[in-house]
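Asks: Pasting model02.pdb here (PDB, C-alpha atoms):
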```
ATOM      1  CA  MET C   1      73.033  81.929  84.140  1.00  0.00           C
ATOM      2  CA  SER C   2      75.891  84.330  84.469  1.00  0.00           C
ATOM      3  CA  LYS C   3      79.307  82.981  83.695  1.00  0.00           C
ATOM      4  CA  LYS C   4      81.799  82.449  86.513  1.00  0.00           C
ATOM      5  CA  THR C   5      85.090  84.144  85.730  1.00  0.00           C
ATOM      6  CA  ARG C   6      88.383  84.699  87.524  1.00  0.00           C
ATOM      7  CA  LYS C   7      86.837  87.825  89.031  1.00  0.00           C
ATOM      8  CA  GLY C   8      84.028  85.713  90.511  1.00  0.00           C
ATOM      9  CA  LEU C   9      80.332  86.125  89.822  1.00  0.00           C
ATOM     10  CA  PRO C  10      79.332  89.706  88.906  1.00  0.00           C
ATOM     11  CA  GLY C  11      78.621  91.648  92.066  1.00  0.00           C
ATOM     12  CA  GLN C  12      80.005  88.891  94.277  1.00  0.00           C
ATOM     13  CA  LEU C  13      82.077  90.034  97.254  1.00  0.00           C
ATOM     14  CA  ARG C  14      85.338  88.224  97.834  1.00  0.00           C
ATOM     15  CA  SER C  15      88.089  88.790 100.371  1.00  0.00           C
ATOM     16  CA  TYR C  16      91.410  90.061  99.068  1.00  0.00           C
ATOM     17  CA  GLU C  17      94.643  91.429 100.473  1.00  0.00           C
ATOM     18  CA  THR C  18      97.103  93.861  98.961  1.00  0.00           C
ATOM     19  CA  VAL C  19     100.721  94.313  99.953  1.00  0.00           C
ATOM     20  CA  VAL C  20     102.492  97.519  98.892  1.00  0.00           C
ATOM     21  CA  VAL C  21     106.225  98.078  99.140  1.00  0.00           C
ATOM     22  CA  VAL C  22     107.064 101.795  99.230  1.00  0.00           C
ATOM     23  CA  ASP C  23     110.446 103.488  99.202  1.00  0.00           C
ATOM     24  CA  PRO C  24     111.014 104.559 102.870  1.00  0.00           C
ATOM     25  CA  GLN C  25     113.331 107.469 101.965  1.00  0.00           C
ATOM     26  CA  ILE C  26     110.407 109.656 100.867  1.00  0.00           C
ATOM     27  CA  GLY C  27     109.145 110.042 104.451  1.00  0.00           C
ATOM     28  CA  ASP C  28     106.303 108.773 106.624  1.00  0.00           C
ATOM     29  CA  ASP C  29     103.789 111.411 105.489  1.00  0.00           C
ATOM     30  CA  VAL C  30     103.956 110.330 101.860  1.00  0.00           C
ATOM     31  CA  ILE C  31     103.672 106.654 102.838  1.00  0.00           C
ATOM     32  CA  LYS C  32     100.571 107.471 104.904  1.00  0.00           C
ATOM     33  CA  SER C  33      99.028 109.354 102.005  1.00  0.00           C
ATOM     34  CA  ILE C  34      99.654 106.402  99.674  1.00  0.00           C
ATOM     35  CA  VAL C  35      97.953 104.019 102.126  1.00  0.00           C
ATOM     36  CA  GLU C  36      94.979 106.352 102.505  1.00  0.00           C
ATOM     37  CA  LYS C  37      94.650 106.724  98.748  1.00  0.00           C
ATOM     38  CA  THR C  38      94.558 102.945  98.312  1.00  0.00           C
ATOM     39  CA  LYS C  39      91.759 102.846 100.881  1.00  0.00           C
ATOM     40  CA  GLU C  40      89.884 105.474  98.864  1.00  0.00           C
ATOM     41  CA  VAL C  41      90.313 103.435  95.689  1.00  0.00           C
ATOM     42  CA  ILE C  42      88.886 100.372  97.463  1.00  0.00           C
ATOM     43  CA  ALA C  43      85.957 102.371  98.838  1.00  0.00           C
ATOM     44  CA  SER C  44      85.180 103.970  95.453  1.00  0.00           C
ATOM     45  CA  ASN C  45      84.820 100.475  93.910  1.00  0.00           C
ATOM     46  CA  ASN C  46      82.230  99.340  96.513  1.00  0.00           C
ATOM     47  CA  GLY C  47      84.803  97.562  98.698  1.00  0.00           C
ATOM     48  CA  THR C  48      85.189  97.642 102.470  1.00  0.00           C
ATOM     49  CA  VAL C  49      88.528  97.665 104.273  1.00  0.00           C
ATOM     50  CA  THR C  50      88.627  95.087 107.072  1.00  0.00           C
ATOM     51  CA  LYS C  51      92.192  95.255 108.343  1.00  0.00           C
ATOM     52  CA  VAL C  52      95.349  97.346 107.914  1.00  0.00           C
ATOM     53  CA  GLU C  53      98.690  95.895 108.949  1.00  0.00           C
ATOM     54  CA  ASP C  54     101.883  97.950 109.073  1.00  0.00           C
ATOM     55  CA  TRP C  55     104.867  95.624 108.695  1.00  0.00           C
ATOM     56  CA  GLY C  56     107.303  98.538 108.872  1.00  0.00           C
ATOM     57  CA  LYS C  57     110.701  99.009 107.294  1.00  0.00           C
ATOM     58  CA  ARG C  58     112.358  95.819 106.098  1.00  0.00           C
ATOM     59  CA  LYS C  59     115.497  94.955 104.220  1.00  0.00           C
ATOM     60  CA  LEU C  60     114.799  93.812 100.680  1.00  0.00           C
ATOM     61  CA  ALA C  61     116.088  90.427  99.580  1.00  0.00           C
ATOM     62  CA  TYR C  62     117.505  92.014  96.434  1.00  0.00           C
ATOM     63  CA  ILE C  63     118.110  95.570  95.250  1.00  0.00           C
ATOM     64  CA  ILE C  64     115.176  97.261  93.473  1.00  0.00           C
ATOM     65  CA  ASP C  65     115.852 100.590  91.702  1.00  0.00           C
ATOM     66  CA  LYS C  66     119.107 101.000  93.685  1.00  0.00           C
ATOM     67  CA  LYS C  67     117.199 100.708  96.983  1.00  0.00           C
ATOM     68  CA  THR C  68     117.974  98.237  99.773  1.00  0.00           C
ATOM     69  CA  TYR C  69     115.047  98.923 102.127  1.00  0.00           C
ATOM     70  CA  GLY C  70     111.289  98.954 101.683  1.00  0.00           C
ATOM     71  CA  HIS C  71     108.276  99.921 103.794  1.00  0.00           C
ATOM     72  CA  TYR C  72     105.636  97.155 103.764  1.00  0.00           C
ATOM     73  CA  THR C  73     101.918  97.698 104.352  1.00  0.00           C
ATOM     74  CA  CYS C  74      99.191  95.069 104.031  1.00  0.00           C
ATOM     75  CA  ILE C  75      95.502  95.939 103.562  1.00  0.00           C
ATOM     76  CA  GLU C  76      92.754  93.312 103.755  1.00  0.00           C
ATOM     77  CA  PHE C  77      89.391  94.088 102.179  1.00  0.00           C
ATOM     78  CA  ASP C  78      86.177  92.575 100.863  1.00  0.00           C
ATOM     79  CA  GLY C  79      84.879  93.653  97.490  1.00  0.00           C
ATOM     80  CA  PRO C  80      83.923  92.771  93.917  1.00  0.00           C
ATOM     81  CA  GLY C  81      86.522  91.871  91.297  1.00  0.00           C
ATOM     82  CA  GLU C  82      86.611  95.391  89.825  1.00  0.00           C
ATOM     83  CA  VAL C  83      88.520  96.625  92.891  1.00  0.00           C
ATOM     84  CA  VAL C  84      91.598  94.690  91.812  1.00  0.00           C
ATOM     85  CA  LYS C  85      91.733  96.450  88.444  1.00  0.00           C
ATOM     86  CA  GLY C  86      91.243  99.833  90.108  1.00  0.00           C
ATOM     87  CA  LEU C  87      94.078  99.112  92.517  1.00  0.00           C
ATOM     88  CA  THR C  88      96.535  97.982  89.844  1.00  0.00           C
ATOM     89  CA  ASP C  89      95.705 101.057  87.761  1.00  0.00           C
ATOM     90  CA  TYR C  90      96.402 103.282  90.764  1.00  0.00           C
ATOM     91  CA  TYR C  91      99.683 101.497  91.563  1.00  0.00           C
ATOM     92  CA  HIS C  92     100.906 101.891  88.004  1.00  0.00           C
ATOM     93  CA  ILE C  93     100.228 105.638  87.990  1.00  0.00           C
ATOM     94  CA  SER C  94     101.709 106.491  91.381  1.00  0.00           C
ATOM     95  CA  GLU C  95     105.422 106.891  91.960  1.00  0.00           C
ATOM     96  CA  ASN C  96     107.675 105.593  94.762  1.00  0.00           C
ATOM     97  CA  ILE C  97     105.970 102.192  94.802  1.00  0.00           C
ATOM     98  CA  LEU C  98     108.588  99.484  94.415  1.00  0.00           C
ATOM     99  CA  ARG C  99     106.390  96.384  94.435  1.00  0.00           C
ATOM    100  CA  HIS C 100     102.701  95.583  94.808  1.00  0.00           C
ATOM    101  CA  ILE C 101     100.548  92.458  94.857  1.00  0.00           C
ATOM    102  CA  THR C 102      96.835  91.708  95.279  1.00  0.00           C
ATOM    103  CA  LEU C 103      95.794  88.192  96.232  1.00  0.00           C
ATOM    104  CA  LEU C 104      92.603  86.316  96.997  1.00  0.00           C
ATOM    105  CA  ILE C 105      92.585  85.104 100.593  1.00  0.00           C
ATOM    106  CA  ASP C 106      91.835  81.401 100.579  1.00  0.00           C
ATOM    107  CA  SER C 107      89.519  80.246 103.357  1.00  0.00           C
ATOM    108  CA  ARG C 108      92.117  77.624 104.298  1.00  0.00           C
ATOM    109  CA  LEU C 109      94.798  80.321 104.549  1.00  0.00           C
ATOM    110  CA  ARG C 110      92.652  82.299 106.992  1.00  0.00           C
ATOM    111  CA  GLU C 111      92.185  79.208 109.159  1.00  0.00           C
ATOM    112  CA  GLU C 112      95.923  78.628 109.020  1.00  0.00           C
ATOM    113  CA  ARG C 113      96.692  82.152 110.234  1.00  0.00           C
ATOM    114  CA  LYS C 114      94.226  81.777 113.114  1.00  0.00           C
ATOM    115  CA  ARG C 115      95.880  78.504 114.063  1.00  0.00           C
ATOM    116  CA  GLU C 116      99.354  80.043 114.024  1.00  0.00           C
ATOM    117  CA  LYS C 117      98.366  82.642 116.590  1.00  0.00           C
ATOM    118  CA  ALA C 118      96.510  80.187 118.881  1.00  0.00           C
ATOM    119  CA  PRO C 119      99.240  77.747 120.073  1.00  0.00           C
ATOM    120  CA  ALA C 120     101.312  80.578 121.605  1.00  0.00           C
ATOM    121  CA  LYS C 121      98.659  80.954 124.304  1.00  0.00           C
ATOM    122  CA  GLU C 122      98.866  77.381 125.645  1.00  0.00           C
ATOM    123  CA  PRO C 123     102.435  76.604 126.626  1.00  0.00           C
ATOM    124  CA  GLY C 124     101.214  75.383 130.066  1.00  0.00           C
ATOM    125  CA  SER C 125      99.981  72.083 128.654  1.00  0.00           C
ATOM    126  CA  GLN C 126     103.465  71.173 127.424  1.00  0.00           C
ATOM    127  CA  ASP C 127     105.050  71.798 130.824  1.00  0.00           C
ATOM    128  CA  GLU C 128     102.752  69.252 132.431  1.00  0.00           C
ATOM    129  CA  MET C 129     104.063  66.665 130.027  1.00  0.00           C
ATOM    130  CA  PHE C 130     107.657  67.121 131.153  1.00  0.00           C
ATOM    131  CA  VAL C 131     106.786  67.178 134.878  1.00  0.00           C
TER     132      VAL C 131
ATOM    133  CA  MET Z 132     112.337  20.388 108.027  1.00  0.00           C
ATOM    134  CA  ASN Z 133     108.705  20.408 107.122  1.00  0.00           C
ATOM    135  CA  ALA Z 134     107.361  22.041 104.059  1.00  0.00           C
ATOM    136  CA  ARG Z 135     105.198  24.149 106.347  1.00  0.00           C
ATOM    137  CA  GLU Z 136     108.167  25.362 108.421  1.00  0.00           C
ATOM    138  CA  LEU Z 137     110.050  26.276 105.273  1.00  0.00           C
ATOM    139  CA  LYS Z 138     107.099  28.249 104.018  1.00  0.00           C
ATOM    140  CA  GLU Z 139     106.769  30.093 107.328  1.00  0.00           C
ATOM    141  CA  ARG Z 140     110.411  31.041 107.280  1.00  0.00           C
ATOM    142  CA  ARG Z 141     110.131  32.280 103.701  1.00  0.00           C
ATOM    143  CA  ASP Z 142     107.124  34.415 104.594  1.00  0.00           C
ATOM    144  CA  LYS Z 143     108.906  35.890 107.613  1.00  0.00           C
ATOM    145  CA  ARG Z 144     111.868  36.957 105.483  1.00  0.00           C
ATOM    146  CA  LYS Z 145     109.540  38.452 102.907  1.00  0.00           C
ATOM    147  CA  ASP Z 146     107.811  40.511 105.565  1.00  0.00           C
ATOM    148  CA  GLN Z 147     111.124  41.785 106.928  1.00  0.00           C
ATOM    149  CA  ARG Z 148     112.266  42.794 103.452  1.00  0.00           C
ATOM    150  CA  ASN Z 149     109.015  44.624 102.771  1.00  0.00           C
ATOM    151  CA  GLN Z 150     109.252  46.528 106.045  1.00  0.00           C
ATOM    152  CA  LYS Z 151     112.788  47.627 105.237  1.00  0.00           C
ATOM    153  CA  ASN Z 152     111.790  48.895 101.793  1.00  0.00           C
ATOM    154  CA  ALA Z 153     108.774  50.695 103.209  1.00  0.00           C
ATOM    155  CA  ALA Z 154     110.984  52.460 105.757  1.00  0.00           C
ATOM    156  CA  LEU Z 155     113.363  53.551 103.007  1.00  0.00           C
ATOM    157  CA  LYS Z 156     110.634  54.783 100.704  1.00  0.00           C
ATOM    158  CA  HIS Z 157     108.531  56.591 103.291  1.00  0.00           C
ATOM    159  CA  LYS Z 158     109.386  60.246 103.787  1.00  0.00           C
ATOM    160  CA  ASN Z 159     107.126  62.408 105.873  1.00  0.00           C
ATOM    161  CA  CYS Z 160     105.780  65.662 104.496  1.00  0.00           C
ATOM    162  CA  PRO Z 161     106.726  68.351 107.058  1.00  0.00           C
ATOM    163  CA  PHE Z 162     103.533  70.297 106.281  1.00  0.00           C
ATOM    164  CA  CYS Z 163     101.306  67.244 106.769  1.00  0.00           C
ATOM    165  CA  GLU Z 164     103.022  66.434 110.071  1.00  0.00           C
ATOM    166  CA  ASP Z 165     102.339  69.975 111.245  1.00  0.00           C
ATOM    167  CA  LYS Z 166      98.757  69.734 109.888  1.00  0.00           C
ATOM    168  CA  THR Z 167      98.931  72.982 107.890  1.00  0.00           C
ATOM    169  CA  PHE Z 168      95.793  73.864 105.955  1.00  0.00           C
ATOM    170  CA  PHE Z 169      97.550  76.199 103.542  1.00  0.00           C
ATOM    171  CA  VAL Z 170     101.142  77.319 102.993  1.00  0.00           C
ATOM    172  CA  ASP Z 171     101.476  81.015 103.799  1.00  0.00           C
ATOM    173  CA  TYR Z 172     103.756  83.221 101.709  1.00  0.00           C
ATOM    174  CA  ARG Z 173     104.486  85.464 104.695  1.00  0.00           C
ATOM    175  CA  ASP Z 174     106.607  83.162 106.887  1.00  0.00           C
ATOM    176  CA  THR Z 175     109.774  83.337 104.823  1.00  0.00           C
ATOM    177  CA  LYS Z 176     111.808  81.509 107.462  1.00  0.00           C
ATOM    178  CA  ARG Z 177     109.868  78.358 106.754  1.00  0.00           C
ATOM    179  CA  LEU Z 178     109.835  78.825 102.988  1.00  0.00           C
ATOM    180  CA  SER Z 179     113.600  79.305 102.868  1.00  0.00           C
ATOM    181  CA  LYS Z 180     114.030  75.753 104.221  1.00  0.00           C
ATOM    182  CA  PHE Z 181     112.597  74.458 100.958  1.00  0.00           C
ATOM    183  CA  THR Z 182     115.051  76.326  98.746  1.00  0.00           C
ATOM    184  CA  SER Z 183     118.595  75.322  97.890  1.00  0.00           C
ATOM    185  CA  GLU Z 184     121.677  77.383  98.758  1.00  0.00           C
ATOM    186  CA  GLN Z 185     121.419  79.047  95.362  1.00  0.00           C
ATOM    187  CA  GLY Z 186     117.802  79.960  96.067  1.00  0.00           C
ATOM    188  CA  ARG Z 187     116.128  77.407  93.801  1.00  0.00           C
ATOM    189  CA  ILE Z 188     113.008  75.532  94.846  1.00  0.00           C
ATOM    190  CA  LEU Z 189     113.750  71.981  96.021  1.00  0.00           C
ATOM    191  CA  THR Z 190     112.116  69.038  94.305  1.00  0.00           C
ATOM    192  CA  ARG Z 191     109.604  66.824  96.078  1.00  0.00           C
ATOM    193  CA  ARG Z 192     112.077  63.977  95.878  1.00  0.00           C
ATOM    194  CA  THR Z 193     114.620  65.769  98.056  1.00  0.00           C
ATOM    195  CA  SER Z 194     112.316  67.609 100.459  1.00  0.00           C
ATOM    196  CA  GLY Z 195     109.645  64.897 100.805  1.00  0.00           C
ATOM    197  CA  VAL Z 196     106.756  67.356 100.563  1.00  0.00           C
ATOM    198  CA  CYS Z 197     103.447  65.861  99.413  1.00  0.00           C
ATOM    199  CA  ALA Z 198     101.924  66.879  96.075  1.00  0.00           C
ATOM    200  CA  LEU Z 199      99.194  69.077  97.542  1.00  0.00           C
ATOM    201  CA  HIS Z 200     101.535  71.099  99.720  1.00  0.00           C
ATOM    202  CA  GLN Z 201     104.190  71.346  97.000  1.00  0.00           C
ATOM    203  CA  ARG Z 202     101.645  73.054  94.728  1.00  0.00           C
ATOM    204  CA  GLN Z 203     100.871  75.593  97.463  1.00  0.00           C
ATOM    205  CA  LEU Z 204     104.549  75.993  98.393  1.00  0.00           C
ATOM    206  CA  VAL Z 205     105.657  76.823  94.855  1.00  0.00           C
ATOM    207  CA  ASN Z 206     103.089  79.623  94.585  1.00  0.00           C
ATOM    208  CA  ALA Z 207     103.969  80.901  98.064  1.00  0.00           C
ATOM    209  CA  ILE Z 208     107.685  81.096  97.244  1.00  0.00           C
ATOM    210  CA  LYS Z 209     106.975  82.923  93.983  1.00  0.00           C
ATOM    211  CA  HIS Z 210     104.760  85.498  95.715  1.00  0.00           C
ATOM    212  CA  ALA Z 211     107.436  86.046  98.369  1.00  0.00           C
ATOM    213  CA  ARG Z 212     110.109  86.470  95.695  1.00  0.00           C
ATOM    214  CA  HIS Z 213     108.060  89.098  93.883  1.00  0.00           C
ATOM    215  CA  LEU Z 214     107.759  91.147  97.089  1.00  0.00           C
ATOM    216  CA  ALA Z 215     111.544  90.885  97.691  1.00  0.00           C
ATOM    217  CA  MET Z 216     111.051  88.783 100.821  1.00  0.00           C
ATOM    218  CA  LEU Z 217     113.010  85.897  99.269  1.00  0.00           C
ATOM    219  CA  THR Z 218     115.827  85.941  96.748  1.00  0.00           C
ATOM    220  CA  PHE Z 219     115.629  84.721  93.177  1.00  0.00           C
ATOM    221  CA  VAL Z 220     119.369  84.030  93.221  1.00  0.00           C
ATOM    222  CA  SER Z 221     121.541  84.036  96.330  1.00  0.00           C
ATOM    223  CA  ASP Z 222     124.383  86.504  96.871  1.00  0.00           C
ATOM    224  CA  MET Z 223     126.926  83.680  96.509  1.00  0.00           C
ATOM    225  CA  THR Z 224     126.108  83.079  92.856  1.00  0.00           C
ATOM    226  CA  ARG Z 225     125.427  86.686  91.911  1.00  0.00           C
TER     227      ARG Z 225
END
```
Starting from the file, lay out its structure as structure tokens.

Replies:
Amino acid sequence: MSKKTRKGLPGQLRSYETVVVVDPQIGDDVIKSIVEKTKEVIASNNGTVTKVEDWGKRKLAYIIDKKTYGHYTCIEFDGPGEVVKGLTDYYHISENILRHITLLIDSRLREERKREKAPAKEPGSQDEMFV
Amino acid sequence: MNARELKERRDKRKDQRNQKNAALKHKNCPFCEDKTFFVDYRDTKRLSKFTSEQGRILTRRTSGVCALHQRQLVNAIKHARHLAMLTFVSDMTR
């Protein structure tokens, strides 16, 4: 029996998401290249990208490296645990990255996000209540 | 007065007292009321309700969050802080 670790069983695919905060002053081209490189890193470690969300430019809650704004991008992917190490190694090497995080997506969290989107579609049922 | 009547009256008062105490003690968990499966670190508007003016995480005693959701909430707030979506310390105290 192989031992279960924090990375999961060897060869097991798990769903993760990474959020990268990049300095927006360097320009859109560089930000795009950083996002594409992260995709390459995921693909080189036998992972598959499922979703890319661009949150855009946001004001930071506190100043990081004398910067008040950050460009947020979120990438969801499935892959083995080695992808996470590859990603963190890449983030440490590359410049202009203010913050980064890689998290396991809990199955409950995914259900929660589906649920959040759903109730916006059915406001008609509430109106009937008030009539 | 009968002994039975007295006993009934005593029981009634006891029930009333217990109800009052239960009402005082009971505090609803806002996450349980909303039936959330998991606390998301992305909706910072909601998370900021469970932090004090200084930016500290509120205790369960003050916010009334249940133990399960408090465990998720604490992690969610810490992830959001790391990504500079929430403050560690507010501007007032800085």

Asks: Taking all atoms listed in the file into account, find every residue of chain Z that has an atom no more than 9 Å from chain C, and write it out as a VMD selection string.

Replies: chain Z and resid 167 to 171 210 212 to 222

Asks: Return the single residue from Z:Cys163, Z:Met223, Z:Ile208, Z:Cys197 that is closest to Thr182 (chain Z), with distances computed using all atoms listed in the file.

Replies: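 Of the candidates, the smallest distance to Thr182 (chain Z) is held by Z:Ile208.
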
Asks: Phe162 (chain Z): which residues within 8 Å, counting only C-alpha atoms, same-chain residues fewer than 4 positions away excluded, as a PyMOL selection string?

Replies: chain Z and resi 166-167+196+200

Asks: In Å to one decimal, how far is CA of Lys66 (chain C) from CA of Val41 (chain C)?

Replies: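 Taking CA of Val41 (chain C) and CA of Lys66 (chain C), their separation equals 29.0 Å.
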
Asks: Quick check on the file I pasted: which residues fall under the PyMOL selection byres ((chain C and resi 88) around 12)? Write them as a ChimeraX atom specification.

Replies: /C:18-20,38,41-42,81-87,89-94,97,99-103

Asks: By how many Å are CA of Arg177 (chain Z) and CA of Cys74 (chain C) apart?

Replies: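 Computed distance, CA of Arg177 (chain Z) to CA of Cys74 (chain C), equals 20.0 Å.
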
Asks: Which polymer residues have any atom within 12 Å of an atom of Ala198 (chain Z), counting all atoms listed in the file, with same-chain residues fewer than 4 positions away left out, as a list in words?

Replies: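 So the residues in contact are Asn159, Cys160, Phe162, Cys163, Thr190, Arg191, Arg192, Ser194, Arg202, Gln203, Leu204 and Val205 of chain Z.
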
Asks: One number please: CA of Arg14 (chain C) to CA of Ala211 (chain Z), in Å, one decimal.

Replies: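 CA of Ala211 (chain Z) lies 22.2 Å from CA of Arg14 (chain C).
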
Asks: Where atoms are absent from region 181-203 of chain Z, fill them in so it carries N, CA and C atoms, then output it as a PDB file, keeping the file's coordinate frame.

Replies:
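Printed below is selection.pdb as written:
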```
ATOM      1  N   PHE Z 181     112.890  75.270 102.135  1.00  0.00           N
ATOM      2  CA  PHE Z 181     112.597  74.458 100.958  1.00  0.00           C
ATOM      3  C   PHE Z 181     113.224  75.039  99.693  1.00  0.00           C
ATOM      4  N   THR Z 182     114.265  75.848  99.877  1.00  0.00           N
ATOM      5  CA  THR Z 182     115.051  76.326  98.746  1.00  0.00           C
ATOM      6  C   THR Z 182     116.500  75.904  98.939  1.00  0.00           C
ATOM      7  N   SER Z 183     117.193  75.738  97.820  1.00  0.00           N
ATOM      8  CA  SER Z 183     118.595  75.322  97.890  1.00  0.00           C
ATOM      9  C   SER Z 183     119.464  76.522  98.272  1.00  0.00           C
ATOM     10  N   GLU Z 184     120.764  76.289  98.395  1.00  0.00           N
ATOM     11  CA  GLU Z 184     121.677  77.383  98.758  1.00  0.00           C
ATOM     12  C   GLU Z 184     121.660  78.481  97.698  1.00  0.00           C
ATOM     13  N   GLN Z 185     121.469  78.066  96.441  1.00  0.00           N
ATOM     14  CA  GLN Z 185     121.419  79.047  95.362  1.00  0.00           C
ATOM     15  C   GLN Z 185     120.123  79.851  95.380  1.00  0.00           C
ATOM     16  N   GLY Z 186     119.092  79.295  96.036  1.00  0.00           N
ATOM     17  CA  GLY Z 186     117.802  79.960  96.067  1.00  0.00           C
ATOM     18  C   GLY Z 186     116.759  79.291  95.195  1.00  0.00           C
ATOM     19  N   ARG Z 187     117.098  78.117  94.655  1.00  0.00           N
ATOM     20  CA  ARG Z 187     116.128  77.407  93.801  1.00  0.00           C
ATOM     21  C   ARG Z 187     115.177  76.575  94.670  1.00  0.00           C
ATOM     22  N   ILE Z 188     113.998  76.322  94.117  1.00  0.00           N
ATOM     23  CA  ILE Z 188     113.008  75.532  94.846  1.00  0.00           C
ATOM     24  C   ILE Z 188     113.405  74.056  94.792  1.00  0.00           C
ATOM     25  N   LEU Z 189     113.377  73.391  95.968  1.00  0.00           N
ATOM     26  CA  LEU Z 189     113.750  71.981  96.021  1.00  0.00           C
ATOM     27  C   LEU Z 189     112.657  71.104  95.410  1.00  0.00           C
ATOM     28  N   THR Z 190     113.085  69.979  94.856  1.00  0.00           N
ATOM     29  CA  THR Z 190     112.116  69.038  94.305  1.00  0.00           C
ATOM     30  C   THR Z 190     111.434  68.264  95.426  1.00  0.00           C
ATOM     31  N   ARG Z 191     110.316  67.634  95.089  1.00  0.00           N
ATOM     32  CA  ARG Z 191     109.604  66.824  96.078  1.00  0.00           C
ATOM     33  C   ARG Z 191     110.441  65.623  96.504  1.00  0.00           C
ATOM     34  N   ARG Z 192     111.265  65.152  95.570  1.00  0.00           N
ATOM     35  CA  ARG Z 192     112.077  63.977  95.878  1.00  0.00           C
ATOM     36  C   ARG Z 192     113.048  64.261  97.022  1.00  0.00           C
ATOM     37  N   THR Z 193     113.631  65.446  97.021  1.00  0.00           N
ATOM     38  CA  THR Z 193     114.620  65.769  98.056  1.00  0.00           C
ATOM     39  C   THR Z 193     113.971  66.232  99.357  1.00  0.00           C
ATOM     40  N   SER Z 194     112.894  67.028  99.245  1.00  0.00           N
ATOM     41  CA  SER Z 194     112.316  67.609 100.459  1.00  0.00           C
ATOM     42  C   SER Z 194     111.258  66.701 101.083  1.00  0.00           C
ATOM     43  N   GLY Z 195     110.649  65.811 100.271  1.00  0.00           N
ATOM     44  CA  GLY Z 195     109.645  64.897 100.805  1.00  0.00           C
ATOM     45  C   GLY Z 195     108.286  65.515 101.017  1.00  0.00           C
ATOM     46  N   VAL Z 196     108.051  66.693 100.416  1.00  0.00           N
ATOM     47  CA  VAL Z 196     106.756  67.356 100.563  1.00  0.00           C
ATOM     48  C   VAL Z 196     105.725  66.635  99.688  1.00  0.00           C
ATOM     49  N   CYS Z 197     104.493  66.536 100.180  1.00  0.00           N
ATOM     50  CA  CYS Z 197     103.447  65.861  99.413  1.00  0.00           C
ATOM     51  C   CYS Z 197     102.994  66.761  98.254  1.00  0.00           C
ATOM     52  N   ALA Z 198     102.262  66.175  97.315  1.00  0.00           N
ATOM     53  CA  ALA Z 198     101.924  66.879  96.075  1.00  0.00           C
ATOM     54  C   ALA Z 198     101.063  68.109  96.339  1.00  0.00           C
ATOM     55  N   LEU Z 199     100.106  67.966  97.251  1.00  0.00           N
ATOM     56  CA  LEU Z 199      99.194  69.077  97.542  1.00  0.00           C
ATOM     57  C   LEU Z 199      99.943  70.269  98.111  1.00  0.00           C
ATOM     58  N   HIS Z 200     100.819  69.996  99.084  1.00  0.00           N
ATOM     59  CA  HIS Z 200     101.535  71.099  99.720  1.00  0.00           C
ATOM     60  C   HIS Z 200     102.618  71.671  98.808  1.00  0.00           C
ATOM     61  N   GLN Z 201     103.177  70.828  97.931  1.00  0.00           N
ATOM     62  CA  GLN Z 201     104.190  71.346  97.000  1.00  0.00           C
ATOM     63  C   GLN Z 201     103.572  72.378  96.059  1.00  0.00           C
ATOM     64  N   ARG Z 202     102.326  72.120  95.630  1.00  0.00           N
ATOM     65  CA  ARG Z 202     101.645  73.054  94.728  1.00  0.00           C
ATOM     66  C   ARG Z 202     101.445  74.404  95.421  1.00  0.00           C
ATOM     67  N   GLN Z 203     101.068  74.350  96.711  1.00  0.00           N
ATOM     68  CA  GLN Z 203     100.871  75.593  97.463  1.00  0.00           C
ATOM     69  C   GLN Z 203     102.209  76.281  97.725  1.00  0.00           C
TER      70      GLN Z 203
END
```
